[in-house]
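See below for protein-v2.txt, which holds compact mmCIF, C-alpha atoms and all ligand atoms.
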# COMPACT_ATOMS: atom_id res chain seq x y z
CA MET A 1 0.00 0.00 0.00
CA ARG A 2 2.66 2.43 1.09
CA LYS A 3 4.21 2.34 -2.39
CA VAL A 4 1.30 4.01 -4.16
CA VAL A 5 0.77 6.51 -1.36
CA THR A 6 4.41 7.53 -1.50
CA ILE A 7 4.40 7.79 -5.28
CA VAL A 8 1.24 9.86 -5.23
CA MET A 9 2.42 12.06 -2.38
CA ALA A 10 5.77 12.62 -4.09
CA ALA A 11 4.09 13.30 -7.40
CA PHE A 12 1.92 16.07 -6.16
CA ARG A 13 4.32 17.42 -3.61
CA ALA A 14 6.53 18.41 -6.53
CA PRO A 15 3.95 20.70 -8.16
CA LEU A 16 3.09 21.98 -4.69
CA LEU A 17 6.71 22.86 -4.03
CA ALA A 18 6.96 24.34 -7.50
CA LEU A 19 3.83 26.32 -6.79
CA THR A 20 5.17 27.53 -3.47
CA SER A 21 8.47 28.64 -4.96
CA CYS A 22 6.63 30.13 -7.89
CA LEU A 23 4.43 32.02 -5.46
CA THR A 24 7.46 33.21 -3.57
CA LEU A 25 8.98 34.40 -6.83
CA THR A 26 5.71 35.99 -7.78
CA SER A 27 5.46 37.77 -4.46
CA LEU A 28 9.05 38.94 -4.83
CA LEU A 29 8.36 40.17 -8.33
CA ALA A 30 5.14 41.80 -7.19
CA PHE A 31 7.08 43.46 -4.41
CA MET A 32 9.78 44.72 -6.79
CA LEU A 33 7.29 45.85 -9.41
CA GLY A 34 5.11 47.21 -6.63
CA SER A 35 7.89 49.38 -5.26
CA THR A 36 8.58 50.85 -8.71
CA ALA A 37 4.91 51.28 -9.43
CA ALA A 38 4.32 52.73 -5.99
CA ALA A 39 6.09 55.88 -7.09
CA GLU A 40 3.58 56.31 -9.90
CA ASP A 41 0.50 54.60 -8.51
CA ALA A 42 -0.01 53.86 -4.86
CA ALA A 43 -3.07 51.72 -5.49
CA ALA A 44 -1.61 48.47 -7.00
CA PRO A 45 -2.77 45.69 -7.18
CA ALA A 46 -6.15 47.00 -8.16
CA ASN A 47 -8.48 44.88 -6.04
CA ALA A 48 -6.24 43.72 -3.21
CA ASP A 49 -8.87 44.69 -0.65
CA ILE A 50 -11.32 42.22 -2.23
CA LYS A 51 -10.67 39.09 -0.22
CA ILE A 52 -12.12 35.86 -1.61
CA ALA A 53 -11.76 32.44 0.02
CA LEU A 54 -11.51 29.13 -1.75
CA VAL A 55 -12.61 26.37 0.62
CA MET A 56 -11.86 22.82 -0.54
CA LYS A 57 -11.75 19.41 1.08
CA THR A 58 -8.08 18.49 1.28
CA LEU A 59 -4.79 18.94 -0.52
CA THR A 60 -4.00 15.23 -0.15
CA ASN A 61 -5.79 14.77 -3.49
CA PRO A 62 -4.01 16.26 -6.57
CA PHE A 63 -7.45 17.13 -7.93
CA PHE A 64 -7.66 19.98 -5.42
CA VAL A 65 -4.09 21.09 -6.08
CA ALA A 66 -5.15 21.73 -9.69
CA MET A 67 -8.26 23.52 -8.47
CA GLU A 68 -6.10 25.84 -6.35
CA GLN A 69 -3.85 26.56 -9.35
CA GLY A 70 -6.88 27.77 -11.34
CA ALA A 71 -8.05 29.93 -8.46
CA ARG A 72 -4.55 31.45 -8.18
CA ARG A 73 -4.67 32.28 -11.90
CA ALA A 74 -7.90 34.22 -11.31
CA GLU A 75 -6.37 35.91 -8.27
CA LYS A 76 -3.51 37.19 -10.41
CA GLU A 77 -5.71 38.28 -13.30
CA LEU A 78 -8.20 40.12 -11.10
CA GLY A 79 -5.69 41.50 -8.61
CA ILE A 80 -7.82 40.29 -5.70
CA THR A 81 -6.55 38.60 -2.53
CA LEU A 82 -7.24 34.87 -2.40
CA GLN A 83 -7.23 32.80 0.75
CA VAL A 84 -7.12 29.03 0.20
CA VAL A 85 -8.26 26.84 3.08
CA THR A 86 -8.84 23.10 3.23
CA ALA A 87 -9.70 20.50 5.79
CA ALA A 88 -7.21 17.74 6.60
CA ARG A 89 -8.87 14.74 4.97
CA GLU A 90 -11.54 13.80 2.44
CA THR A 91 -13.78 12.88 5.36
CA SER A 92 -13.32 16.09 7.39
CA ALA A 93 -16.73 17.59 6.60
CA THR A 94 -17.12 19.04 10.10
CA GLN A 95 -13.77 20.77 9.81
CA GLN A 96 -14.96 22.43 6.61
CA ILE A 97 -18.04 23.67 8.48
CA ALA A 98 -15.80 25.09 11.23
CA ILE A 99 -13.73 26.91 8.58
CA ILE A 100 -16.82 28.65 7.15
CA ASP A 101 -18.17 29.50 10.61
CA LYS A 102 -14.87 31.11 11.57
CA MET A 103 -14.80 33.18 8.36
CA VAL A 104 -18.28 34.46 9.17
CA ARG A 105 -17.36 35.23 12.80
CA ASP A 106 -14.13 37.00 11.90
CA HIS A 107 -15.51 38.90 8.86
CA THR A 108 -12.32 38.02 7.01
CA VAL A 109 -13.64 37.51 3.47
CA LYS A 110 -16.15 39.10 1.10
CA ALA A 111 -16.88 35.94 -0.87
CA ILE A 112 -16.48 32.19 -0.47
CA VAL A 113 -15.96 29.67 -3.27
CA ILE A 114 -16.83 26.28 -1.83
CA ALA A 115 -16.25 22.71 -2.99
CA PRO A 116 -18.31 21.03 -0.25
CA ALA A 117 -17.37 17.68 1.27
CA ASP A 118 -20.96 17.05 2.29
CA SER A 119 -23.98 18.28 0.31
CA ILE A 120 -26.30 18.85 3.30
CA GLU A 121 -24.40 19.41 6.56
CA ILE A 122 -22.64 22.51 5.22
CA ILE A 123 -25.91 24.33 4.40
CA PRO A 124 -26.61 26.04 7.78
CA SER A 125 -23.09 27.50 7.75
CA LEU A 126 -23.51 28.77 4.20
CA LYS A 127 -26.79 30.34 5.23
CA LYS A 128 -25.02 32.16 8.09
CA ALA A 129 -22.40 33.35 5.63
CA GLU A 130 -25.04 34.61 3.22
CA ASP A 131 -26.84 36.41 6.06
CA ALA A 132 -23.55 38.10 6.92
CA GLY A 133 -23.40 39.50 3.38
CA ILE A 134 -20.78 37.06 2.08
CA ARG A 135 -21.22 36.03 -1.58
CA ILE A 136 -21.04 32.29 -2.19
CA VAL A 137 -20.18 30.27 -5.28
CA ASN A 138 -20.61 26.48 -5.23
CA ILE A 139 -18.15 24.47 -7.32
CA ASP A 140 -17.45 20.76 -7.92
CA ASN A 141 -19.93 19.02 -5.60
CA GLU A 142 -23.40 20.52 -5.54
CA ILE A 143 -25.16 21.27 -2.29
CA ASP A 144 -28.63 19.79 -1.99
CA ARG A 145 -30.95 22.36 -3.55
CA GLY A 146 -34.01 21.06 -1.67
CA PHE A 147 -32.36 21.41 1.74
CA ALA A 148 -30.85 24.72 0.76
CA ALA A 149 -34.27 26.11 -0.15
CA LYS A 150 -35.72 24.81 3.12
CA ALA A 151 -32.92 26.52 5.04
CA GLY A 152 -33.72 29.78 3.25
CA LEU A 153 -30.41 29.86 1.38
CA SER A 154 -30.74 31.52 -1.99
CA GLU A 155 -29.86 29.65 -5.17
CA LEU A 156 -26.07 29.58 -5.38
CA PRO A 157 -24.29 29.78 -8.73
CA PHE A 158 -22.95 26.28 -9.38
CA ILE A 159 -19.96 25.29 -11.53
CA SER A 160 -19.13 21.65 -12.23
CA ILE A 161 -19.46 18.91 -14.83
CA ASP A 162 -22.29 16.46 -15.43
CA ASN A 163 -21.20 13.79 -12.96
CA ARG A 164 -23.78 11.19 -13.90
CA LYS A 165 -23.13 11.42 -17.61
CA SER A 166 -19.35 11.47 -17.17
CA ALA A 167 -19.39 8.42 -14.87
CA TYR A 168 -21.56 6.68 -17.42
CA LEU A 169 -18.97 7.47 -20.12
CA SER A 170 -16.11 6.19 -18.00
CA ALA A 171 -17.84 2.95 -16.93
CA ALA A 172 -19.28 2.35 -20.40
CA PHE A 173 -15.75 2.37 -21.78
CA ILE A 174 -15.00 -0.86 -19.87
CA ALA A 175 -18.56 -2.24 -20.02
CA HIS A 176 -19.60 -1.94 -23.62
CA ASP A 177 -17.45 -4.68 -25.11
CA ALA A 178 -17.85 -7.32 -22.37
CA GLY A 179 -18.95 -10.16 -24.66
CA GLN A 180 -18.85 -12.88 -21.98
CA PRO A 181 -20.63 -13.05 -18.63
CA ALA A 182 -18.69 -10.76 -16.28
CA GLU A 183 -18.94 -9.59 -12.68
CA ALA A 184 -18.56 -5.91 -11.86
CA ALA A 185 -18.03 -3.78 -8.74
CA ILE A 186 -18.15 -0.09 -7.83
CA LEU A 187 -16.05 1.83 -5.31
CA GLU A 188 -18.19 4.81 -4.32
CA GLY A 189 -17.26 8.21 -2.92
CA ILE A 190 -18.70 9.69 0.26
CA ARG A 191 -22.43 8.95 0.21
CA GLU A 192 -23.34 12.32 1.70
CA ALA A 193 -21.88 13.98 -1.40
CA ARG A 194 -24.24 14.43 -4.29
CA ASN A 195 -21.58 13.94 -6.96
CA ALA A 196 -20.66 10.56 -5.43
CA ASN A 197 -24.24 9.36 -5.83
CA GLU A 198 -24.53 10.75 -9.34
CA ARG A 199 -21.36 8.92 -10.35
CA LYS A 200 -22.63 5.68 -8.87
CA ASP A 201 -25.90 6.06 -10.80
CA GLY A 202 -24.03 6.68 -14.06
CA ALA A 203 -21.84 3.59 -13.56
CA VAL A 204 -24.80 1.41 -12.56
CA GLN A 205 -26.54 2.42 -15.77
CA ALA A 206 -23.49 1.65 -17.92
CA PHE A 207 -23.13 -1.82 -16.37
CA ALA A 208 -26.90 -2.49 -16.62
CA GLU A 209 -26.90 -1.75 -20.34
CA ASN A 210 -24.78 -4.82 -21.06
CA HIS A 211 -26.76 -7.95 -20.17
CA ASN A 212 -23.52 -9.94 -19.79
CA ILE A 213 -22.60 -7.89 -16.72
CA THR A 214 -23.75 -8.57 -13.16
CA LEU A 215 -22.98 -5.92 -10.56
CA VAL A 216 -22.00 -7.96 -7.49
CA ALA A 217 -20.64 -5.31 -5.10
CA SER A 218 -20.84 -1.57 -4.49
CA ASP A 219 -19.46 0.09 -1.38
CA THR A 220 -17.85 3.34 -0.28
CA ALA A 221 -14.13 3.94 0.25
CA HIS A 222 -14.83 7.64 1.01
CA TRP A 223 -12.71 8.88 -1.94
CA GLN A 224 -9.55 7.63 -0.15
CA ILE A 225 -6.62 5.65 -1.51
CA ASP A 226 -5.83 3.54 1.58
CA GLU A 227 -9.45 2.73 2.24
CA ALA A 228 -9.92 1.75 -1.41
CA HIS A 229 -6.99 -0.65 -1.17
CA ASP A 230 -8.58 -2.38 1.81
CA LEU A 231 -12.09 -2.34 0.36
CA ALA A 232 -10.84 -3.79 -2.93
CA LYS A 233 -9.14 -6.58 -0.98
CA LYS A 234 -12.38 -7.36 0.84
CA ILE A 235 -14.53 -7.24 -2.29
CA PHE A 236 -12.14 -9.29 -4.47
CA GLU A 237 -11.74 -11.91 -1.74
CA GLN A 238 -15.53 -12.26 -1.60
CA HIS A 239 -15.99 -12.14 -5.39
CA PRO A 240 -12.79 -13.36 -7.03
CA ARG A 241 -14.45 -13.42 -10.47
CA ILE A 242 -14.92 -9.65 -10.68
CA SER A 243 -13.31 -8.41 -13.88
CA LEU A 244 -14.79 -4.89 -14.16
CA LEU A 245 -14.34 -2.13 -11.60
CA PHE A 246 -15.59 1.45 -11.61
CA CYS A 247 -14.02 3.78 -9.04
CA ALA A 248 -15.73 7.14 -8.43
CA ASN A 249 -12.37 8.91 -8.26
CA ASP A 250 -8.78 8.27 -9.32
CA MET A 251 -7.37 8.09 -5.79
CA MET A 252 -9.60 5.10 -5.05
CA ALA A 253 -8.61 3.53 -8.37
CA LEU A 254 -4.94 3.89 -7.38
CA GLY A 255 -5.66 2.13 -4.07
CA ALA A 256 -7.49 -0.70 -5.86
CA ILE A 257 -4.68 -1.01 -8.43
CA GLN A 258 -2.15 -1.32 -5.63
CA TYR A 259 -4.12 -4.27 -4.23
CA LEU A 260 -4.47 -5.88 -7.67
CA GLN A 261 -0.71 -5.51 -8.19
CA GLU A 262 -0.09 -7.25 -4.87
CA VAL A 263 -2.19 -10.24 -5.95
CA ASN A 264 -0.98 -10.07 -9.54
CA ARG A 265 -4.42 -9.59 -11.15
CA ARG A 266 -3.80 -7.88 -14.48
CA ASP A 267 -7.11 -9.08 -15.91
CA VAL A 268 -9.36 -6.55 -14.13
CA ARG A 269 -10.52 -3.63 -16.29
CA ILE A 270 -10.81 -0.44 -14.25
CA ALA A 271 -12.47 2.88 -15.05
CA ALA A 272 -12.17 5.94 -12.83
CA PHE A 273 -12.77 9.67 -12.53
CA ASP A 274 -10.72 12.93 -12.19
CA GLY A 275 -7.91 12.70 -14.75
CA ILE A 276 -5.08 13.33 -12.28
CA VAL A 277 -1.52 12.83 -13.51
CA GLU A 278 -1.06 9.56 -11.61
CA ALA A 279 -4.19 8.11 -13.23
CA ARG A 280 -2.97 9.09 -16.69
CA ALA A 281 0.29 7.29 -15.89
CA ALA A 282 -1.69 4.21 -14.82
CA ILE A 283 -3.51 4.32 -18.18
CA LYS A 284 -0.15 4.36 -19.97
CA ASP A 285 0.97 1.38 -17.84
CA GLY A 286 -2.19 -0.54 -18.74
CA TRP A 287 -3.58 -0.76 -15.20
CA LEU A 288 -6.37 1.76 -15.79
CA MET A 289 -8.56 1.91 -18.89
CA ALA A 290 -10.33 5.25 -18.52
CA THR A 291 -10.77 8.34 -16.40
CA ILE A 292 -12.62 11.65 -16.68
CA ASP A 293 -10.86 14.97 -16.83
CA GLN A 294 -13.23 17.25 -14.97
CA GLN A 295 -11.16 20.37 -15.52
CA PRO A 296 -10.52 21.20 -11.85
CA GLU A 297 -8.18 24.07 -12.79
CA GLN A 298 -10.97 25.71 -14.77
CA GLN A 299 -13.51 25.07 -11.99
CA GLY A 300 -11.22 26.85 -9.51
CA TYR A 301 -10.58 29.69 -11.93
CA LEU A 302 -14.24 30.26 -12.78
CA GLY A 303 -15.27 29.96 -9.15
CA VAL A 304 -13.12 32.95 -8.20
CA VAL A 305 -14.13 34.92 -11.31
CA TYR A 306 -17.81 34.35 -10.48
CA ALA A 307 -17.30 35.40 -6.86
CA TYR A 308 -15.64 38.60 -8.07
CA ARG A 309 -18.40 39.30 -10.60
CA SER A 310 -21.03 38.69 -7.94
CA LEU A 311 -19.32 41.23 -5.68
CA LYS A 312 -19.49 43.68 -8.59
CA GLY A 313 -23.26 43.22 -8.62
CA GLU A 314 -23.49 41.02 -11.73
CA LYS A 315 -26.14 38.36 -12.01
CA LEU A 316 -24.52 34.96 -12.58
CA PRO A 317 -25.75 31.86 -14.41
CA ALA A 318 -27.44 29.43 -11.98
CA VAL A 319 -25.58 26.45 -13.43
CA THR A 320 -22.35 26.33 -15.45
CA MET A 321 -21.47 22.88 -16.76
CA LEU A 322 -17.96 22.25 -18.07
CA ASP A 323 -17.22 19.23 -20.22
CA GLY A 324 -16.23 16.00 -18.50
CA ILE A 325 -13.61 14.69 -20.91
CA LEU A 326 -13.10 10.95 -21.32
CA VAL A 327 -9.38 10.08 -21.14
CA THR A 328 -8.35 6.64 -22.38
CA LYS A 329 -4.76 7.07 -23.54
C1 LIG B 1 -15.01 15.32 -5.52
C2 LIG B 1 -14.26 15.69 -6.73
C3 LIG B 1 -13.18 14.69 -7.08
C4 LIG B 1 -12.43 14.24 -5.89
C5 LIG B 1 -13.32 13.97 -4.73
C6 LIG B 1 -12.55 13.74 -3.48
O1 LIG B 1 -15.89 16.28 -5.09
O2 LIG B 1 -15.08 15.94 -7.81
O3 LIG B 1 -13.68 13.64 -7.83
O4 LIG B 1 -11.59 13.17 -6.16
O5 LIG B 1 -14.18 15.02 -4.50
O6 LIG B 1 -12.74 14.65 -2.49
In structure tokens, write the structure found in this file.
Amino acid sequence: MRKVVTIVMAAFRAPLLALTSCLTLTSLLAFMLGSTAAAEDAAAPANADIKIALVMKTLTNPFFVAMEQGARRAEKELGITLQVVTAARETSATQQIAIIDKMVRDHTVKAIVIAPADSIEIIPSLKKAEDAGIRIVNIDNEIDRGFAAKAGLSELPFISIDNRKSAYLSAAFIAHDAGQPAEAAILEGIREARNANERKDGAVQAFAENHNITLVASDTAHWQIDEAHDLAKKIFEQHPRISLLFCANDMMALGAIQYLQEVNRRDVRIAAFDGIVEARAAIKDGWLMATIDQQPEQQGYLGVVYAYRSLKGEKLPAVTMLDGILVTK
């Protein structure tokens, strides 16, 4: 297990380090340029007093590292001040709630861009934020619109991809040509997240459309690599004939692949979701068949741009759907 974790950690620590040094350089440059510009124009950068927060789940998943990079691009372009905050783990939904509550209490930001860990529990905190005059943009995982309306939260602009359709595309890639009877399994994301359920539905549909396929197991590994390794072990020990596996994100696919490598099972066809660099490498190595690029960089970028435009009084589209791009090579 450790092997994959280390590879993944090392792989995204590098861009993180690069990002940090790049930020340091940027700040240095900004400082140097700033001191020259200060003579001519004391008010640079233009919107530095506009503080926008990007609240994500965790930086232990490269998906969110890419999302931050997009948000930083918007920060630079708009000249605003961006604060990026995450919880510790995929499962730290309560920590994300505490982060929002503290921002409301401390009046530190004018807008919040949120990729929620949980589609329902976060709603009361978002309502408090809205009541405090903070603009909110929902990206990635949609909050539950029914609960939001009941809580009196207004309709938040939402930016994401079509999770059901994209999961269908990914799972169909391994399902459509199963010409012999085959057993399939699904590793689900956190069940309190709407996108996890939509992805499960899409994969169930893709498997159901081929009458040769029987779905024999579906369980959650909470988006996490280690948990997916252990869940895959359990499921494959119970159903050794499984030959098709859909994982609702790449991290879980990497955990499952690690298990399959340990038991030397090259025959299992796996489809996943996110398009992170490590998953693309697994496709090249033949361990993964498909994933979905859900453009996290662009989601982060647009989230901040929308928050800014909302603060400028613009009316935003209720739903913005980016393309979920099937990656198979
Ligand atoms: C979802 C994202 C990604 C990610 C997962 C883990 O909301 O869309 O698929 O892998 O969260 O937190």
Residues within 7 Å of ligand LIG 1 (chain B), counting only C-alpha atoms and all ligand atoms, as a ChimeraX atom specification: /A:57,61,63,90,115,117,140-141,195,223,248-251,273-274
Coordinates-based distance that separates atom CA of A:Ser170 from atom CA of A:Ile120 (Å, one decimal):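 Straight-line distance from atom CA of A:Ile120 to atom CA of A:Ser170 works out to 26.8 Å.
Residue neighbourhood of A:Phe147, excluding near-sequence residues (fewer than 2 positions): A:Ser119, A:Ile120, A:Glu121, A:Ile123, A:Pro124, A:Ile143, A:Asp144, A:Arg145, A:Ala149, A:Lys150, A:Ala151, A:Gly152, A:Leu153, at 10 Å, using all atoms listed in the file.
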Pull C-alpha atoms from the residues just selected and write them as an mmCIF file, in the coordinates of the input.
data_model
loop_
_atom_site.group_PDB
_atom_site.id
_atom_site.type_symbol
_atom_site.label_atom_id
_atom_site.label_comp_id
_atom_site.auth_asym_id
_atom_site.auth_seq_id
_atom_site.Cartn_x
_atom_site.Cartn_y
_atom_site.Cartn_z
ATOM 1 C CA SER A 119 -23.980 18.280 0.310
ATOM 2 C CA ILE A 120 -26.300 18.850 3.300
ATOM 3 C CA GLU A 121 -24.400 19.410 6.560
ATOM 4 C CA ILE A 123 -25.910 24.330 4.400
ATOM 5 C CA PRO A 124 -26.610 26.040 7.780
ATOM 6 C CA ILE A 143 -25.160 21.270 -2.290
ATOM 7 C CA ASP A 144 -28.630 19.790 -1.990
ATOM 8 C CA ARG A 145 -30.950 22.360 -3.550
ATOM 9 C CA ALA A 149 -34.270 26.110 -0.150
ATOM 10 C CA LYS A 150 -35.720 24.810 3.120
ATOM 11 C CA ALA A 151 -32.920 26.520 5.040
ATOM 12 C CA GLY A 152 -33.720 29.780 3.250
ATOM 13 C CA LEU A 153 -30.410 29.860 1.380
#
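The protein and nucleic acid residues lying at most 8 Å from A:Val327 are Gly275, Arg280, Ala290, Thr291, Ile292 and Asp293 of chain A, with all atoms listed in the file considered and sequence neighbours fewer than 5 positions away removed.
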Who sits within 10 Å of A:Thr108, all atoms listed in the file, same chain under 6 positions skipped, as number ranges by chain: A: 51-53, 83, 102, 134
Within 9 Å of stretch 233-241 of chain A using all atoms listed in the file, minus same-chain residues under 6 positions, as a compact mmCIF listing (two decimals) with C-alpha atoms, keeping the file's coordinate frame:
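The resulting file, around25.txt, is shown below:
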# COMPACT_ATOMS: atom_id res chain seq x y z
CA ALA A 182 -18.69 -10.76 -16.28
CA GLU A 183 -18.94 -9.59 -12.68
CA ALA A 184 -18.56 -5.91 -11.86
CA ALA A 185 -18.03 -3.78 -8.74
CA VAL A 216 -22.00 -7.96 -7.49
CA ALA A 217 -20.64 -5.31 -5.10
CA SER A 218 -20.84 -1.57 -4.49
CA ASP A 219 -19.46 0.09 -1.38
CA ALA A 256 -7.49 -0.70 -5.86
CA TYR A 259 -4.12 -4.27 -4.23
CA LEU A 260 -4.47 -5.88 -7.67
Option closest in space to A:Leu326, from A:Leu54, A:Ile257, A:Ala272, A:Leu187 [counting only C-alpha atoms]: A:Ala272
A:Ala271, A:Ile325, A:Ser160, A:Asp101 ranked by distance to A:Asp131, top pick (using only C-alpha atoms):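 Closest to A:Asp131, using only C-alpha atoms: A:Asp101.
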Shell around A:Leu169 at 9 Å using all atoms listed in the file, local window under 4 positions removed, as a PyMOL selection string: chain A and resi 164-165+173+202-203+206+292+326
Shortest interatomic distance to A:Pro157 - which of A:Glu314, A:Asp118, A:Asp323, A:Glu188, counting all atoms listed in the file: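 Residue with the minimum atom-to-atom distance to A:Pro157: A:Glu314.
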Distance criterion (all atoms listed in the file): nearest to A:Phe158 out of A:Ile114, A:Ala129, A:Ala171, A:Ile80: A:Ile114
Interatomic distance, atom CA of A:His211 to atom CA of A:His229 (Å, one decimal):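 So the answer is 28.4 Å.
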Computed interatomic separation between atom CA of A:Arg266 and atom CA of A:Ala232 (Å):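 Calculated distance between atom CA of A:Arg266 and atom CA of A:Ala232 is 14.1 Å.
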Place a sphere of radius 9 Å on (-20.7, 34.6, -7.2) in the file coordinates and name every protein, DNA or RNA residue with an atom inside or on its surface, counting all atoms listed in the file; give the answer as a PDB file with C-alpha atoms, in the frame of the given file.
ATOM      1  CA  ALA A 111     -16.880  35.940  -0.870  1.00  0.00           C
ATOM      2  CA  ILE A 112     -16.480  32.190  -0.470  1.00  0.00           C
ATOM      3  CA  VAL A 113     -15.960  29.670  -3.270  1.00  0.00           C
ATOM      4  CA  ARG A 135     -21.220  36.030  -1.580  1.00  0.00           C
ATOM      5  CA  ILE A 136     -21.040  32.290  -2.190  1.00  0.00           C
ATOM      6  CA  VAL A 137     -20.180  30.270  -5.280  1.00  0.00           C
ATOM      7  CA  ASN A 138     -20.610  26.480  -5.230  1.00  0.00           C
ATOM      8  CA  LEU A 156     -26.070  29.580  -5.380  1.00  0.00           C
ATOM      9  CA  PRO A 157     -24.290  29.780  -8.730  1.00  0.00           C
ATOM     10  CA  PHE A 158     -22.950  26.280  -9.380  1.00  0.00           C
ATOM     11  CA  GLY A 303     -15.270  29.960  -9.150  1.00  0.00           C
ATOM     12  CA  VAL A 304     -13.120  32.950  -8.200  1.00  0.00           C
ATOM     13  CA  VAL A 305     -14.130  34.920 -11.310  1.00  0.00           C
ATOM     14  CA  TYR A 306     -17.810  34.350 -10.480  1.00  0.00           C
ATOM     15  CA  ALA A 307     -17.300  35.400  -6.860  1.00  0.00           C
ATOM     16  CA  TYR A 308     -15.640  38.600  -8.070  1.00  0.00           C
ATOM     17  CA  ARG A 309     -18.400  39.300 -10.600  1.00  0.00           C
ATOM     18  CA  SER A 310     -21.030  38.690  -7.940  1.00  0.00           C
ATOM     19  CA  LEU A 311     -19.320  41.230  -5.680  1.00  0.00           C
ATOM     20  CA  GLU A 314     -23.490  41.020 -11.730  1.00  0.00           C
ATOM     21  CA  LYS A 315     -26.140  38.360 -12.010  1.00  0.00           C
ATOM     22  CA  LEU A 316     -24.520  34.960 -12.580  1.00  0.00           C
TER      23      LEU A 316
END
Minimum-distance residue to A:Met103, chosen among A:Ala88, A:Ile283, A:Ala132, A:Ile276 (using only C-alpha atoms):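 Of the candidates, the smallest distance to A:Met103 is held by A:Ala132.
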Shortest interatomic distance to A:Ala279 - which of A:Val109, A:Ala71, A:Leu302, A:Cys247, counting all atoms listed in the file: A:Cys247
Centre, x/y/z edge lengths, axis-aligned box for stretch 88-102 of chain A with 6 Å per side, as AutoDock Vina command-line options:
--center_x -12.7 --center_y 22.0 --center_z 7.0 --size_x 23.0 --size_y 30.2 --size_z 21.1
